[in-house]
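To start, the structure itself, in structure tokens.
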Amino acid sequence: MTLPKKHHFLPQFYLEFFKISPQTGRHPHIWQIEKAASPKTVNSAIKDTGCKTDYHTLDFKEQDKDRQKVEEMFSRLESEQANLVKEICEANQITETNKVSLADFITTMRFRVPAFKRYIESSLKNTVSTTYKLLDQQGILPTPPKKVEKLIQDRGYDFIKFDIANWFILQFMLDMSFNSENSAILKAMKYQLFLAPDEHHFITADSPVALYHPNYESVKPYGVGPAFKEVEITFPLAKSHLVKLSWEGKEGTIEVQEDHLLEYNRRTIIMADKYIYSCLSNDYLQEQVAWYHNISAGYKVDNLWYGKGAYKISRFIPVTN
């Protein structure tokens, strides 16, 4: 039996809470909007959306590729998460029990997406490349072949490419996705459930958990995280529901005004990596995506070289005003 290579980084159940209604075909669909200056909009089947080939494949050396192990783990988890979202949306409230499970769900959704996977891969490659450069400059490594030595002299070390095994990247991703300390911070925050007003809807994205800081200019050049008292976390649960986590204010359920809904959708657009997903596609949404297409948020890695050494700096750049 041929095992499927297509792996979903966004659960299909999750995207179905944003699906186009009424459903006209055999499978539920959703609008996929490219984050670009001229957004391409596609009416996409959810079964073919939010997925990548071999995204969760374990590729241990000298072993057959394992395309099922991580997929099966997420499948078991997602059945519980689907019930959680359904329960919250039907009751229009977040109970204390929901809060615990929701913190775990948001943590997982923050770290299982392509933007974070790409950051992990880039960070690991950066570490290997920097280490190689330092060891070579200190004469610790064997002398490279004359051709390689000439290339280093002519082009520097950037021409040397390093590949990181997918299983190794997944290990870091899953460690963060199920890290109890990350989830514990979210569990300590205050939860508000926002309901979309009539004729309006929330959108989601391929990086759906947005961290917002109202005045990031005051924090630069440092990054921020959920523990910052000014930070708000927004996560669209469904086209009709969005949850906001913060350190101040009252908990409860609120029907948001249109301008507030548009602000939370703005945060989702900026946090998006490549795609925004919506139950509707209209000129206004496409204009908003085009307007914010070159503004992004997320993890960033920098090297600061000094003498014979280097500092590696990882930061999270938030959505801001």
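Labels for the structure tokens follow display order: chains A, B, ..., residues from 1 in each chain, ligands from 1.
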Note to self: List the spatial neighbours of Gln153 in chain A as number ranges by chain - criterion: any atom at most 12 Å away, only C-alpha atoms, same-chain residues fewer than 6 positions off excluded.
What the structure shows: A: 137, 144, 146-147, 159
Using N, CA and C atoms, can you write the selected residues to a file as an mmCIF file, in the first residue's frame?
```
data_model
loop_
_atom_site.group_PDB
_atom_site.id
_atom_site.type_symbol
_atom_site.label_atom_id
_atom_site.label_comp_id
_atom_site.auth_asym_id
_atom_site.auth_seq_id
_atom_site.Cartn_x
_atom_site.Cartn_y
_atom_site.Cartn_z
ATOM 1 N N GLN A 137 38.729 28.818 10.391
ATOM 2 C CA GLN A 137 39.589 29.991 10.580
ATOM 3 C C GLN A 137 40.611 29.776 11.699
ATOM 4 N N PRO A 144 41.200 21.973 3.530
ATOM 5 C CA PRO A 144 40.284 21.528 2.470
ATOM 6 C C PRO A 144 41.028 21.334 1.159
ATOM 7 N N LYS A 146 42.335 21.961 -2.598
ATOM 8 C CA LYS A 146 42.742 23.247 -3.176
ATOM 9 C C LYS A 146 41.570 23.969 -3.847
ATOM 10 N N LYS A 147 40.712 23.199 -4.528
ATOM 11 C CA LYS A 147 39.578 23.816 -5.230
ATOM 12 C C LYS A 147 38.621 24.469 -4.237
ATOM 13 N N PHE A 159 29.082 29.871 -0.048
ATOM 14 C CA PHE A 159 28.831 28.929 -1.137
ATOM 15 C C PHE A 159 28.681 27.498 -0.613
#
```
Counting only C-alpha atoms, what are the residues of range 136-229 of chain A within 6 Å of range 268-278 of chain A, and for each of them which pair of atoms is the nearest and at what distance in Å, to one decimal? Sort the table by chain and rising number, as JSON lines.
```
{"residue": "A:Ile203", "atom": "CA", "partner": "A:Ser278", "partner_atom": "CA", "distance": 5.0}
{"residue": "A:Thr204", "atom": "CA", "partner": "A:Tyr277", "partner_atom": "CA", "distance": 5.2}
{"residue": "A:Ala205", "atom": "CA", "partner": "A:Ile276", "partner_atom": "CA", "distance": 4.2}
{"residue": "A:Asp206", "atom": "CA", "partner": "A:Tyr275", "partner_atom": "CA", "distance": 5.7}
{"residue": "A:Ser207", "atom": "CA", "partner": "A:Ala272", "partner_atom": "CA", "distance": 5.1}
{"residue": "A:Ala210", "atom": "CA", "partner": "A:Met271", "partner_atom": "CA", "distance": 5.7}
```
Convert the current residue selection to file output with C-alpha atoms, as a PDB file, in the first residue's frame.
```
ATOM      1  CA  ILE A 203     -10.106  35.007   8.626  1.00  0.00           C
ATOM      2  CA  THR A 204      -7.206  32.673   9.337  1.00  0.00           C
ATOM      3  CA  ALA A 205      -3.787  31.997   7.811  1.00  0.00           C
ATOM      4  CA  ASP A 206      -0.941  29.516   7.418  1.00  0.00           C
ATOM      5  CA  SER A 207       0.535  31.019  10.594  1.00  0.00           C
ATOM      6  CA  ALA A 210      -0.518  36.283  16.025  1.00  0.00           C
TER       7      ALA A 210
END
```
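Take the candidates A:Thr108, A:Asn282, A:Gln288, A:Ser123 and check each one against Asn179 in chain A using only C-alpha atoms; the shortest distance goes to A:Thr108.
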Next item on the list: Give the strand (DSSP E or B) residues of range 34-198 of chain A, as DSSP finds them on the backbone, and put them as a ChimeraX atom specification.
Entry: /A:34,41-45,51-53,58,66,190-195
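You can rank A:Tyr132, A:Tyr55, A:Tyr284, A:Phe13 by their closest distance to Leu77 in chain A using only C-alpha atoms, and at the top of that list sits A:Phe13.
Look at Glu121 in chain A: the protein and nucleic acid residues within 10 Å of it, using only C-alpha atoms and passing over chain neighbours fewer than 2 places away, are Phe116, Lys117, Arg118, Tyr119, Ser123, Leu124, Lys125, Asn126, Thr127, Asp163, Ile164, Ala165, Asn166, Phe168, Ile169, Leu170, Phe172 and Met173 of chain A.
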What's around His7 in chain A at 12 Å? Count only C-alpha atoms, leave out sequence neighbours fewer than 6 positions away in its own chain, and write the answer as a compact mmCIF listing (two decimals) with C-alpha atoms, in the first residue's frame.
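selection-v3.txt was written with the following content:
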```
# COMPACT_ATOMS: atom_id res chain seq x y z
CA LYS A 47 -8.36 18.29 1.70
CA ASP A 48 -5.75 19.90 -0.61
CA THR A 49 -5.18 23.04 1.48
CA GLY A 50 -2.73 23.76 4.29
CA CYS A 51 -0.52 20.82 3.38
CA LYS A 52 2.93 20.00 1.99
CA THR A 53 4.54 16.88 0.57
CA ASP A 54 6.52 14.89 3.17
CA TYR A 55 6.09 17.68 5.72
CA HIS A 56 5.99 15.21 8.65
CA THR A 57 8.16 12.47 7.13
CA ARG A 67 5.37 8.98 6.57
CA GLN A 68 2.85 7.79 9.13
CA LYS A 69 4.20 8.06 12.66
CA VAL A 70 3.91 11.83 13.12
CA GLU A 71 0.69 11.93 11.07
CA GLU A 72 -0.92 9.33 13.33
CA PHE A 74 -1.45 14.47 15.12
CA SER A 75 -4.57 12.59 14.01
CA ARG A 112 3.66 23.28 13.72
CA VAL A 113 3.44 25.67 10.75
CA PRO A 114 5.87 26.15 7.81
```
Please provide the set of residues having any atom within 7 Å of range 314-318 of chain A, restricted to only C-alpha atoms, with same-chain residues fewer than 3 positions apart removed, written as a PDB file with C-alpha atoms, in the first residue's frame.
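Full text of part.pdb as output:
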```pdb
ATOM      1  CA  LEU A 211       1.590  37.980  18.715  1.00  0.00           C
ATOM      2  CA  TYR A 212       0.857  41.691  18.876  1.00  0.00           C
ATOM      3  CA  HIS A 213       2.754  44.453  20.680  1.00  0.00           C
ATOM      4  CA  TYR A 222      14.973  43.068  21.075  1.00  0.00           C
ATOM      5  CA  GLY A 223      12.247  40.555  20.332  1.00  0.00           C
ATOM      6  CA  VAL A 224       9.132  39.852  22.379  1.00  0.00           C
ATOM      7  CA  GLY A 225       7.289  36.806  23.687  1.00  0.00           C
ATOM      8  CA  ALA A 297       6.083  39.084  11.792  1.00  0.00           C
ATOM      9  CA  GLY A 298       7.836  36.046  13.194  1.00  0.00           C
ATOM     10  CA  TYR A 299      11.217  34.684  14.178  1.00  0.00           C
ATOM     11  CA  LYS A 300      14.431  36.214  12.882  1.00  0.00           C
ATOM     12  CA  VAL A 301      18.040  34.997  13.208  1.00  0.00           C
ATOM     13  CA  ASP A 302      21.093  37.287  13.015  1.00  0.00           C
TER      14      ASP A 302
END
```
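Comparing the minimum interatomic distances between Lys312 in chain A and each of A:Lys150, A:Val128, A:Lys239, A:Lys190, counting only C-alpha atoms, we find that A:Val128 sits nearest.
With distances restricted to only C-alpha atoms, A:Ile160 is the closest residue to Thr130 in chain A from A:Ala37, A:Ala115, A:Ile160, A:Leu102.
We find CA of Ile46 in chain A and CA of His29 in chain A to be spaced 5.2 Å apart.
With only C-alpha atoms as the atoms that count, the residue of A:Asp136, A:Phe60, A:Leu15, A:Thr95 with the shortest distance to Lys308 in chain A is A:Asp136.
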Check: So which bits of range 108-257 of chain A end up alpha helix (DSSP H) when you DSSP the backbone, as a PyMOL selection string?
Finding: chain A and resi 108-111+114-137+146-155+166-177+180-187
Check: For Gly249 in chain A, which residue among A:Gln23, A:Ser122, A:Gln63, A:Gln192 is the nearest when counting only C-alpha atoms?
Finding: A:Gln192
Note to self: With only C-alpha atoms as the counted atoms, please give the residues lying no more than 9 Å from Ser177 in chain A, apart from itself and same-chain residues fewer than 5 positions off, as a list in words.
What the structure shows: Asp104, Phe105, Ile106, Thr107, Thr108, Met109, Arg110, Phe111, Arg112, Phe172, Asn182 and Ser183 of chain A
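Note that CA of Leu262 in chain A and CA of Ser44 in chain A are 23.6 Å apart.
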